[in-house]
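Below is work-v2.cif, which holds mmCIF, C-alpha atoms.
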data_input
#
loop_
_atom_site.label_atom_id
_atom_site.label_comp_id
_atom_site.auth_asym_id
_atom_site.auth_seq_id
_atom_site.Cartn_x
_atom_site.Cartn_y
_atom_site.Cartn_z
CA MET I 965 -39.66 4.22 -1.46
CA VAL I 966 -37.14 5.52 1.03
CA ASN I 967 -38.45 8.54 2.88
CA PRO I 968 -36.14 11.57 3.12
CA ARG I 969 -34.70 12.16 6.58
CA PRO I 970 -36.38 14.93 8.55
CA ALA I 971 -34.20 18.01 8.90
CA GLY I 972 -34.38 17.80 12.69
CA ARG I 973 -32.87 14.32 12.76
CA LEU I 974 -30.12 15.40 10.40
CA TRP I 975 -29.11 18.35 12.58
CA LEU I 976 -29.28 16.14 15.67
CA ALA I 977 -26.86 13.73 14.04
CA VAL I 978 -24.54 16.57 13.10
CA ALA I 979 -24.62 17.84 16.69
CA VAL I 980 -23.88 14.38 18.10
CA VAL I 981 -20.92 13.91 15.77
CA ALA I 982 -19.56 17.40 16.50
CA VAL I 983 -19.79 16.95 20.26
CA GLY I 984 -18.28 13.49 19.98
CA ILE I 985 -15.29 14.68 17.97
CA LEU I 986 -14.72 17.53 20.41
CA ALA I 987 -14.99 15.25 23.43
CA MET I 988 -12.67 12.61 22.00
CA GLY I 989 -10.18 15.29 21.00
CA GLN I 990 -9.94 16.42 24.62
CA LEU I 991 -9.01 12.98 25.92
CA HIS I 992 -5.33 12.56 26.66
CA HIS I 993 -5.22 9.15 28.32
CA GLY I 994 -4.29 6.05 26.37
CA GLU I 995 -6.72 4.12 24.24
CA LYS I 996 -7.32 0.42 24.79
CA PHE I 997 -6.96 -2.02 21.90
CA PRO I 998 -8.47 -5.43 22.75
CA SER I 999 -6.91 -8.53 21.22
CA ARG I 1000 -8.74 -10.13 18.31
CA ALA I 1001 -8.22 -12.59 15.49
CA PRO I 1002 -7.58 -11.15 11.99
CA LEU I 1003 -10.55 -11.27 9.62
CA ALA I 1004 -8.52 -13.36 7.17
CA GLU I 1005 -9.13 -16.26 9.59
CA PHE I 1006 -12.93 -15.93 9.40
CA PRO I 1007 -14.36 -19.36 8.44
CA MET I 1008 -14.29 -20.02 4.71
CA SER I 1009 -16.95 -22.72 5.07
CA LEU I 1010 -20.20 -22.06 6.93
CA GLY I 1011 -22.61 -24.97 6.71
CA ARG I 1012 -23.75 -25.14 3.08
CA TRP I 1013 -21.79 -21.99 2.20
CA SER I 1014 -18.27 -21.94 0.72
CA GLY I 1015 -16.35 -18.67 0.44
CA GLU I 1016 -14.01 -17.01 -2.02
CA ASN I 1017 -12.03 -13.88 -1.15
CA VAL I 1018 -12.40 -10.75 -3.28
CA PRO I 1019 -9.53 -8.43 -2.24
CA LEU I 1020 -10.03 -4.67 -2.32
CA SER I 1021 -7.44 -2.51 -4.02
CA ALA I 1022 -4.81 -0.85 -1.84
CA GLN I 1023 -6.15 2.51 -3.00
CA ILE I 1024 -9.64 1.74 -1.67
CA VAL I 1025 -8.27 0.45 1.64
CA ARG I 1026 -6.28 3.65 2.10
CA ALA I 1027 -9.20 5.86 1.11
CA VAL I 1028 -11.60 4.18 3.53
CA GLY I 1029 -8.99 4.18 6.29
CA LEU I 1030 -9.85 0.78 7.73
CA ASP I 1031 -7.42 -1.40 9.68
CA ASP I 1032 -8.75 -4.83 8.70
CA TYR I 1033 -11.44 -6.07 6.36
CA LEU I 1034 -13.13 -9.09 4.84
CA ASN I 1035 -14.70 -9.03 1.38
CA ARG I 1036 -15.84 -12.49 0.42
CA ILE I 1037 -18.42 -14.15 -1.83
CA TYR I 1038 -20.11 -17.25 -0.42
CA ARG I 1039 -21.93 -19.76 -2.63
CA ASP I 1040 -24.00 -22.81 -1.84
CA GLY I 1041 -24.50 -25.98 -3.86
CA SER I 1042 -27.41 -24.52 -5.81
CA GLY I 1043 -25.39 -21.54 -7.05
CA ALA I 1044 -27.06 -19.00 -4.75
CA LEU I 1045 -24.64 -16.39 -3.47
CA VAL I 1046 -24.18 -13.77 -0.78
CA THR I 1047 -21.37 -11.27 -0.30
CA LEU I 1048 -20.00 -10.66 3.19
CA TYR I 1049 -18.15 -7.40 3.83
CA ILE I 1050 -16.73 -6.52 7.26
CA SER I 1051 -14.70 -3.36 7.81
CA TYR I 1052 -12.87 -3.08 11.13
CA TYR I 1053 -11.40 0.03 12.72
CA THR I 1054 -8.96 -0.24 15.63
CA SER I 1055 -9.57 3.41 16.51
CA GLN I 1056 -12.04 6.07 15.37
CA ARG I 1057 -10.51 8.99 17.25
CA THR I 1058 -8.57 10.59 14.42
CA GLY I 1059 -11.38 11.20 11.93
CA GLN I 1060 -11.41 7.75 10.29
CA THR I 1061 -14.83 6.34 11.11
CA ILE I 1062 -17.05 3.59 9.79
CA HIS I 1063 -18.71 4.51 6.50
CA SER I 1064 -22.47 3.98 6.30
CA PRO I 1065 -23.78 1.98 3.30
CA ARG I 1066 -26.47 4.66 2.99
CA ASN I 1067 -23.69 6.96 1.80
CA CYS I 1068 -21.34 4.52 0.06
CA LEU I 1069 -23.87 2.62 -2.06
CA PRO I 1070 -25.42 5.71 -3.72
CA GLY I 1071 -21.86 6.92 -4.35
CA ALA I 1072 -21.27 3.70 -6.33
CA GLY I 1073 -24.38 4.25 -8.44
CA TRP I 1074 -26.89 2.19 -6.42
CA GLN I 1075 -30.23 3.92 -5.95
CA PRO I 1076 -32.37 3.25 -2.85
CA VAL I 1077 -35.70 1.49 -3.44
CA GLU I 1078 -36.88 0.62 0.05
CA SER I 1079 -35.51 0.44 3.59
CA ARG I 1080 -36.67 -0.79 6.97
CA ARG I 1081 -35.47 -2.45 10.17
CA LEU I 1082 -35.50 -6.23 10.44
CA SER I 1083 -35.28 -8.35 13.61
CA ILE I 1084 -33.39 -11.65 13.21
CA PRO I 1085 -33.37 -14.43 15.85
CA VAL I 1086 -29.76 -15.48 16.53
CA ALA I 1087 -28.21 -18.12 18.74
CA GLY I 1088 -27.16 -17.12 22.26
CA SER I 1089 -28.35 -13.53 22.08
CA ALA I 1090 -31.35 -11.27 21.91
CA PRO I 1091 -32.77 -10.84 18.39
CA LEU I 1092 -30.39 -8.97 16.13
CA VAL I 1093 -31.90 -5.78 14.68
CA VAL I 1094 -30.40 -4.85 11.30
CA ASN I 1095 -31.00 -2.39 8.49
CA GLU I 1096 -32.64 -3.93 5.45
CA TYR I 1097 -31.89 -1.89 2.36
CA ASP I 1098 -33.08 -2.54 -1.21
CA VAL I 1099 -31.00 -0.85 -3.90
CA ALA I 1100 -31.03 -0.91 -7.71
CA ARG I 1101 -28.59 -0.03 -10.48
CA ASP I 1102 -29.63 -0.27 -14.12
CA THR I 1103 -31.34 -3.69 -14.32
CA GLU I 1104 -29.72 -5.05 -11.14
CA ARG I 1105 -31.39 -5.12 -7.77
CA VAL I 1106 -29.83 -6.33 -4.53
CA LEU I 1107 -30.84 -6.70 -0.90
CA VAL I 1108 -28.45 -5.39 1.76
CA LEU I 1109 -28.53 -6.22 5.47
CA TYR I 1110 -26.12 -4.32 7.67
CA TRP I 1111 -25.40 -3.26 11.23
CA TYR I 1112 -22.61 -1.83 13.37
CA GLN I 1113 -20.88 -4.24 15.76
CA GLU I 1114 -18.94 -2.23 18.30
CA ARG I 1115 -17.57 -3.00 21.75
CA GLY I 1116 -20.16 -5.64 22.63
CA ARG I 1117 -23.15 -3.98 20.98
CA GLU I 1118 -25.01 -4.69 17.75
CA ILE I 1119 -26.45 -1.39 16.53
CA ALA I 1120 -28.65 -0.61 13.52
CA SER I 1121 -29.04 3.15 14.00
CA GLU I 1122 -26.29 5.48 12.76
CA TYR I 1123 -27.30 7.96 15.47
CA ALA I 1124 -27.01 5.38 18.25
CA ALA I 1125 -23.65 4.22 16.87
CA LYS I 1126 -22.28 7.78 17.10
CA PHE I 1127 -23.64 8.19 20.62
CA TRP I 1128 -22.03 4.99 21.88
CA LEU I 1129 -18.78 5.80 20.09
CA THR I 1130 -18.50 8.98 22.11
CA ALA I 1131 -19.69 7.39 25.37
CA ASP I 1132 -17.26 4.48 25.11
CA ALA I 1133 -14.36 6.74 24.18
CA ILE I 1134 -14.90 8.65 27.42
CA ALA I 1135 -15.91 5.84 29.76
CA ARG I 1136 -13.99 2.86 28.36
CA ASP I 1137 -11.06 4.36 26.40
CA ARG I 1138 -12.21 2.44 23.32
CA THR I 1139 -13.39 3.45 19.85
CA ASP I 1140 -12.84 0.19 17.97
CA GLY I 1141 -15.70 -1.24 15.93
CA ALA I 1142 -16.89 -2.73 12.68
CA LEU I 1143 -19.54 -2.62 10.00
CA VAL I 1144 -21.03 -5.97 9.00
CA ARG I 1145 -22.80 -6.03 5.62
CA VAL I 1146 -24.47 -8.94 3.82
CA THR I 1147 -25.58 -8.49 0.20
CA THR I 1148 -27.48 -10.84 -2.09
CA PRO I 1149 -29.13 -10.49 -5.53
CA VAL I 1150 -32.88 -9.95 -5.68
CA GLY I 1151 -33.45 -10.32 -9.42
CA SER I 1152 -34.89 -7.92 -11.95
CA ALA I 1153 -37.99 -5.98 -10.84
CA GLY I 1154 -37.68 -7.48 -7.37
CA ARG I 1155 -39.51 -10.67 -8.32
CA ASN I 1156 -37.42 -12.85 -5.99
CA ARG I 1157 -37.27 -10.52 -3.02
CA GLY I 1158 -38.78 -12.94 -0.51
CA GLU I 1159 -36.30 -15.62 -1.50
CA ALA I 1160 -33.41 -13.13 -1.27
CA GLU I 1161 -34.46 -12.03 2.22
CA CYS I 1162 -34.70 -15.62 3.43
CA ARG I 1163 -31.25 -16.35 2.02
CA ALA I 1164 -29.67 -13.25 3.58
CA VAL I 1165 -31.30 -13.83 6.98
CA GLY I 1166 -30.15 -17.45 7.03
CA PHE I 1167 -26.61 -16.37 6.24
CA VAL I 1168 -26.61 -13.73 9.00
CA ARG I 1169 -27.67 -16.40 11.47
CA ALA I 1170 -24.79 -18.59 10.27
CA ILE I 1171 -22.08 -15.93 10.67
CA PHE I 1172 -23.27 -14.28 13.88
CA PRO I 1173 -21.82 -16.82 16.39
CA HIS I 1174 -18.35 -16.34 14.87
CA LEU I 1175 -18.16 -12.55 14.93
CA SER I 1176 -17.04 -11.94 18.53
CA LYS I 1177 -13.70 -13.68 17.85
CA PHE I 1178 -12.89 -11.02 15.24
CA ILE I 1179 -14.80 -8.01 16.61
CA PRO I 1180 -14.06 -7.65 20.36
CA ASN I 1181 -16.87 -7.25 22.88
#
Represent the structure contained in this file as structure tokens.
Amino acid sequence: MVNPRPAGRLWLAVAVVAVGILAMGQLHHGEKFPSRAPLAEFPMSLGRWSGENVPLSAQIVRAVGLDDYLNRIYRDGSGALVTLYISYYTSQRTGQTIHSPRNCLPGAGWQPVESRRLSIPVAGSAPLVVNEYDVARDTERVLVLYWYQERGREIASEYAAKFWLTADAIARDRTDGALVRVTTPVGSAGRNRGEAECRAVGFVRAIFPHLSKFIPN
């Protein structure tokens, strides 16, 4: 089961966010917006995977406040599927920041079952550390892998993401960044969890080399 967060860590996170908002609000020099390709151009075919777009409603896009996104289902020849969701923010200075799946998924009725960190070997980089999150709703159970990709860093921790957001706003005049989330079905009662994890990890390894074109370093 997911352990509740210690109160000390929660207040630390609140303090980091508060200081970050205050610091960014005091900055008057211009913000830098690196060039990037739109997420609509993300490859539709990735090895054995073929994608299909699932557009979000305009109401959801406005509510979340993102500047660009990708919501796509990929299937392979056997019928296995994964969902890739990327939300990109050009700037996070004005209160619109990346939404953590730990908050969004429970809000959509998904209940946490288990969570941990997972290290994934990827091409051309140090191992990618992601959040692995099991959630259930009614008889459904899915496995979620996610991380924050921001200004040349891949970050699992929400606390670290807030710290670097503030640091880069001050030192680099940048607050752009993205959430990358991969979701795949586990099956009832979690019977196929190992297979789901292998599928999700393989898909992360397939998409990772493409991300820097769409999420600037």
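Between CA of Leu1175 in chain I and CA of Ser1064 in chain I the separation is 19.1 Å.
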Fill in: Minimum-distance residue to Val1108 in chain I, chosen among I:Tyr1033, I:Trp1074, I:Tyr1052, I:Tyr1038 (using only C-alpha atoms)
I:Trp1074
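Atom pair CA of Phe1178 in chain I / CA of Leu1003 in chain I: separated by 6.1 Å.
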Practice prompt. Considering only C-alpha atoms, state which residue in the set I:Ala1125, I:Asp1140, I:Glu1161, I:Asp1032 is at the smallest distance from Ala1001 in chain I.
Written response: I:Asp1032
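Residues selected in this file by the PyMOL selection byres ((chain I and resi 1079) around 8) comprise I:Met965, I:Val966, I:Pro1076, I:Val1077, I:Glu1078, I:Arg1080, I:Arg1081, I:Asn1095, I:Glu1096, I:Tyr1097, I:Asp1098.
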